[in-house]
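J.: I am attaching a structure below and will ask some questions about it afterwards.
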Amino acid sequence: MHVYLRTRGVPRKLDYGFLGAAPGSRWWDAYSELTATERPCLLAVTSKGRWRVLISGVPSTRTDSVGTLVYYTLVLDGSPCPTGTVGAARQDRPTVLALASRWLDDIARDPEGRGVLSELLDGLCSSAEVDRLLAARHSELTTERAELTARLATALASLNPGSSAPSAPDTDAPSLVLNTERWIAGRAAPGADAAFLARLSSLLSGEDGQAHLLNLVSSAEDVTTLPQKPGILAVLIEGGLVGDPTMPAEALPKLRSEVVTSVPKARWRAALVPTALTALILLLVGLALIAGNWI
């Protein structure tokens, strides 16, 4: 599993950047119309044997030179870890699940998301160290960057799951959330957080799909602009801006590409035969009438 940490420094010239290595692409930009990364959010996608997770809007106690609150973004990616996997990759799934459940708990306790995760990231390095890493070229301070990444990975692995972690089937969760492949619900709807983490667990185990906590969504219609990817889809609405965090669970329609016509292909071709013959007869009759008028 790869872990990346993004934040900004105190001087205005030290804008947001990754303290260590940076991900190969800014894949989260595809969701910019549905969530603002400076506010609490979570994005998770699994496709083609790779999962990617972003947790953003984690508030720091630090502010920049004009007093604006500084936040953190965590980006993680790795290979799915099916049940029975051995080795270091076996720890990836529980680590990401503990991180996500802790983040949901922090948001539930504080509208700004200030909590355990904020304290953990603030404790990784001092404000002066953040400024120093951001001011240097990425080719510089490689040892310090590697050490910070190692500390980050160790700190995340030590996180205990939040209270929303689904240790057992949640009998309070709406059956729609548990049994529908594609759904949307408010973050604070009964059982929605546990059902969301269960879906995230499926993604980390290799099932294709998406699981997102979005903060610029107010209804099911808003998510029609989500990147169209096959597989399961779970969307939680965060009430920080326009959404209702208590919105009851609602099913989302299948992808257009997943809707299968009820008419078999052979019958569809057979239906074309009489249609084509009728059109040909009408064409011949029309030509005959034109020829008769000329005579």
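Starting from 1 in every chain, residues are counted up; chains themselves are A, B, ... following the order of the structure tokens, and ligands are numbered from 1 as listed.
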List every residue of segment 62-259 of chain A that DSSP, applied to the backbone of this structure, assigns to strand (DSSP E), and report them as an MDAnalysis selection string.
T.: chainID A and resid 62:63 69:78 182:186 209:214 232:237 250:251
J.: Output the selection as an mmCIF file, in the first residue's frame - N, CA and C atoms for each residue.
T.:
data_model
loop_
_atom_site.group_PDB
_atom_site.id
_atom_site.type_symbol
_atom_site.label_atom_id
_atom_site.label_comp_id
_atom_site.auth_asym_id
_atom_site.auth_seq_id
_atom_site.Cartn_x
_atom_site.Cartn_y
_atom_site.Cartn_z
ATOM 1 N N ARG A 62 -3.005 24.119 12.788
ATOM 2 C CA ARG A 62 -2.189 25.150 12.159
ATOM 3 C C ARG A 62 -3.054 26.059 11.283
ATOM 4 N N THR A 63 -2.617 27.276 11.111
ATOM 5 C CA THR A 63 -3.222 28.216 10.168
ATOM 6 C C THR A 63 -2.106 28.813 9.326
ATOM 7 N N LEU A 69 -7.571 28.403 8.096
ATOM 8 C CA LEU A 69 -7.382 27.053 8.608
ATOM 9 C C LEU A 69 -6.698 26.174 7.563
ATOM 10 N N VAL A 70 -5.748 25.381 8.007
ATOM 11 C CA VAL A 70 -5.025 24.441 7.151
ATOM 12 C C VAL A 70 -5.650 23.060 7.318
ATOM 13 N N TYR A 71 -5.737 22.316 6.236
ATOM 14 C CA TYR A 71 -6.290 20.961 6.311
ATOM 15 C C TYR A 71 -5.324 19.962 5.683
ATOM 16 N N TYR A 72 -5.597 18.689 5.923
ATOM 17 C CA TYR A 72 -4.792 17.590 5.378
ATOM 18 C C TYR A 72 -5.606 16.794 4.363
ATOM 19 N N THR A 73 -4.891 16.202 3.404
ATOM 20 C CA THR A 73 -5.451 15.220 2.487
ATOM 21 C C THR A 73 -4.587 13.973 2.540
ATOM 22 N N LEU A 74 -5.230 12.832 2.735
ATOM 23 C CA LEU A 74 -4.551 11.538 2.679
ATOM 24 C C LEU A 74 -4.973 10.822 1.405
ATOM 25 N N VAL A 75 -4.009 10.304 0.653
ATOM 26 C CA VAL A 75 -4.289 9.505 -0.538
ATOM 27 C C VAL A 75 -3.608 8.156 -0.340
ATOM 28 N N LEU A 76 -4.370 7.083 -0.567
ATOM 29 C CA LEU A 76 -3.835 5.728 -0.412
ATOM 30 C C LEU A 76 -4.194 4.910 -1.640
ATOM 31 N N ASP A 77 -3.336 3.996 -2.023
ATOM 32 C CA ASP A 77 -3.683 3.065 -3.098
ATOM 33 C C ASP A 77 -2.950 1.758 -2.887
ATOM 34 N N GLY A 78 -3.533 0.697 -3.404
ATOM 35 C CA GLY A 78 -2.927 -0.617 -3.240
ATOM 36 C C GLY A 78 -3.680 -1.665 -4.030
ATOM 37 N N ARG A 182 -26.579 -0.344 -5.481
ATOM 38 C CA ARG A 182 -26.265 1.065 -5.695
ATOM 39 C C ARG A 182 -27.244 1.903 -4.874
ATOM 40 N N TRP A 183 -26.717 2.669 -3.902
ATOM 41 C CA TRP A 183 -27.601 3.416 -3.018
ATOM 42 C C TRP A 183 -26.941 4.708 -2.561
ATOM 43 N N ILE A 184 -27.797 5.593 -2.038
ATOM 44 C CA ILE A 184 -27.364 6.865 -1.468
ATOM 45 C C ILE A 184 -28.106 7.063 -0.165
ATOM 46 N N ALA A 185 -27.433 7.655 0.821
ATOM 47 C CA ALA A 185 -28.060 7.892 2.118
ATOM 48 C C ALA A 185 -27.315 9.007 2.832
ATOM 49 N N GLY A 186 -27.993 9.649 3.767
ATOM 50 C CA GLY A 186 -27.328 10.623 4.619
ATOM 51 C C GLY A 186 -26.338 9.925 5.535
ATOM 52 N N GLY A 209 -16.113 -1.111 -8.012
ATOM 53 C CA GLY A 209 -17.166 -0.183 -7.637
ATOM 54 C C GLY A 209 -16.623 1.064 -6.979
ATOM 55 N N GLN A 210 -17.528 1.805 -6.322
ATOM 56 C CA GLN A 210 -17.193 3.073 -5.702
ATOM 57 C C GLN A 210 -17.900 3.199 -4.350
ATOM 58 N N ALA A 211 -17.283 3.942 -3.435
ATOM 59 C CA ALA A 211 -17.906 4.289 -2.155
ATOM 60 C C ALA A 211 -17.417 5.685 -1.788
ATOM 61 N N HIS A 212 -18.349 6.633 -1.659
ATOM 62 C CA HIS A 212 -17.953 8.029 -1.479
ATOM 63 C C HIS A 212 -18.748 8.706 -0.371
ATOM 64 N N LEU A 213 -18.074 9.582 0.353
ATOM 65 C CA LEU A 213 -18.716 10.543 1.257
ATOM 66 C C LEU A 213 -18.546 11.905 0.598
ATOM 67 N N LEU A 214 -19.653 12.480 0.127
ATOM 68 C CA LEU A 214 -19.618 13.699 -0.690
ATOM 69 C C LEU A 214 -20.249 14.864 0.063
ATOM 70 N N ILE A 232 -20.508 -2.001 -7.625
ATOM 71 C CA ILE A 232 -21.311 -1.470 -6.534
ATOM 72 C C ILE A 232 -21.054 0.025 -6.360
ATOM 73 N N LEU A 233 -22.037 0.711 -5.782
ATOM 74 C CA LEU A 233 -21.911 2.149 -5.529
ATOM 75 C C LEU A 233 -22.616 2.478 -4.223
ATOM 76 N N ALA A 234 -21.887 3.076 -3.299
ATOM 77 C CA ALA A 234 -22.458 3.553 -2.034
ATOM 78 C C ALA A 234 -22.074 5.013 -1.875
ATOM 79 N N VAL A 235 -23.071 5.867 -1.653
ATOM 80 C CA VAL A 235 -22.828 7.304 -1.498
ATOM 81 C C VAL A 235 -23.411 7.773 -0.176
ATOM 82 N N LEU A 236 -22.581 8.403 0.640
ATOM 83 C CA LEU A 236 -23.053 9.073 1.845
ATOM 84 C C LEU A 236 -23.041 10.572 1.602
ATOM 85 N N ILE A 237 -24.080 11.251 2.065
ATOM 86 C CA ILE A 237 -24.159 12.703 1.969
ATOM 87 C C ILE A 237 -23.679 13.306 3.285
ATOM 88 N N GLU A 250 -31.806 5.552 -0.244
ATOM 89 C CA GLU A 250 -32.564 5.542 -1.493
ATOM 90 C C GLU A 250 -31.760 4.786 -2.548
ATOM 91 N N ALA A 251 -32.434 3.943 -3.309
ATOM 92 C CA ALA A 251 -31.754 3.187 -4.356
ATOM 93 C C ALA A 251 -31.380 4.101 -5.514
#
J.: If you run DSSP on the backbone, which residues of segment 79-235 of chain A are alpha helix (DSSP H), as a VMD selection string?
T.: chain A and resid 92 to 109 116 to 122 127 to 135 142 to 157 175 to 179 192 to 204
J.: Near Leu120 of chain A, within 10 Å and counting only C-alpha atoms, which residues show up once chain neighbours fewer than 2 positions away are dropped, as a PyMOL selection string?
T.: chain A and resi 60+115-118+122-125+152+155-156+159
J.: Can you work out which one of A:Gly243, A:Ser65, A:Asn215, A:Ala188 has the shortest atom-to-atom distance to Arg109 of chain A, counting only C-alpha atoms?
T.: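 Going through A:Gly243, A:Ser65, A:Asn215, A:Ala188 one by one, the smallest distance to Arg109 of chain A is for A:Ala188.
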J.: Measure the distance from atom CA of Leu54 of chain A to atom CA of Val66 of chain A in Å and round it to one decimal.
T.: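 If I compute the distance from atom CA of Leu54 of chain A to atom CA of Val66 of chain A, I get 27.2 Å.
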J.: Determine, for each residue of segment 157-253 of chain A having at least one atom at most 12 Å from an atom of segment 25-49 of chain A, the closest pair of atoms and their separation in Å to one decimal, counting only C-alpha atoms; order by chain and ascending number, as a tab-separated table.
T.:
residue	atom	partner	partner_atom	distance
A:Arg187	CA	A:Cys41	CA	10.9
A:Phe196	CA	A:Ala44	CA	10.8
A:Leu197	CA	A:Ala44	CA	10.7
A:Arg199	CA	A:Ala44	CA	10.0
A:Leu200	CA	A:Ala44	CA	7.3
A:Ser201	CA	A:Ala44	CA	10.4
A:Ser202	CA	A:Thr46	CA	9.4
A:Leu203	CA	A:Thr46	CA	5.7
A:Leu204	CA	A:Thr46	CA	7.3
A:Ser205	CA	A:Thr46	CA	9.2
A:Gly206	CA	A:Gly49	CA	6.6
A:Glu207	CA	A:Thr46	CA	6.9
A:Asp208	CA	A:Thr46	CA	5.0
A:Gly209	CA	A:Thr46	CA	5.5
A:Gln210	CA	A:Val45	CA	4.5
A:Ala211	CA	A:Ala44	CA	5.1
A:His212	CA	A:Leu43	CA	4.5
A:Leu213	CA	A:Leu42	CA	4.8
A:Leu214	CA	A:Thr35	CA	5.1
A:Asn215	CA	A:Thr35	CA	4.9
A:Leu216	CA	A:Leu34	CA	4.9
A:Val217	CA	A:Leu34	CA	6.0
A:Ser218	CA	A:Leu34	CA	9.7
A:Ser219	CA	A:Leu34	CA	11.1
A:Ala220	CA	A:Leu34	CA	11.6
A:Glu221	CA	A:Leu34	CA	11.4
A:Asp222	CA	A:Leu34	CA	7.7
A:Val223	CA	A:Leu34	CA	7.4
A:Thr224	CA	A:Leu34	CA	10.1
A:Thr225	CA	A:Leu34	CA	8.1
A:Leu226	CA	A:Tyr31	CA	6.9
A:Pro227	CA	A:Ala30	CA	7.0
A:Gln228	CA	A:Ala30	CA	10.7
A:Lys229	CA	A:Ser47	CA	8.2
A:Pro230	CA	A:Ser47	CA	8.6
A:Gly231	CA	A:Ser47	CA	9.0
A:Ile232	CA	A:Thr46	CA	9.8
A:Leu233	CA	A:Val45	CA	9.3
A:Ala234	CA	A:Ala44	CA	9.7
A:Val235	CA	A:Leu43	CA	9.4
A:Leu236	CA	A:Leu42	CA	9.2
A:Ile237	CA	A:Cys41	CA	9.3
A:Glu238	CA	A:Cys41	CA	7.5
A:Gly239	CA	A:Pro40	CA	9.8
A:Gly240	CA	A:Arg39	CA	7.7
A:Leu241	CA	A:Arg39	CA	8.8
A:Val242	CA	A:Thr35	CA	10.7
A:Gly243	CA	A:Leu34	CA	11.0
J.: With only C-alpha atoms as the atoms that count, which of A:Leu97, A:Val130, A:Ala249, A:Ala150 lies nearest to Tyr16 of chain A?
T.: A:Val130
J.: As an exercise, work out the distance from atom CA of Leu14 of chain A to atom CA of Val53 of chain A in Å and give it to one decimal place.
T.: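 Atom-to-atom, atom CA of Leu14 of chain A and atom CA of Val53 of chain A are spaced 25.0 Å apart.
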J.: Using only C-alpha atoms, determine which residues lie at most 12 Å from Gly20 of chain A, disregarding the query and same-chain residues fewer than 6 positions distant; provide the list as JSON, numbers by chain.
T.: {"A": [2, 3, 4, 5, 6, 7, 74, 75, 129, 130, 132, 133, 134, 136, 137, 138, 139, 140, 141, 142, 143, 144, 145, 146, 147, 148, 149, 150, 151, 152]}
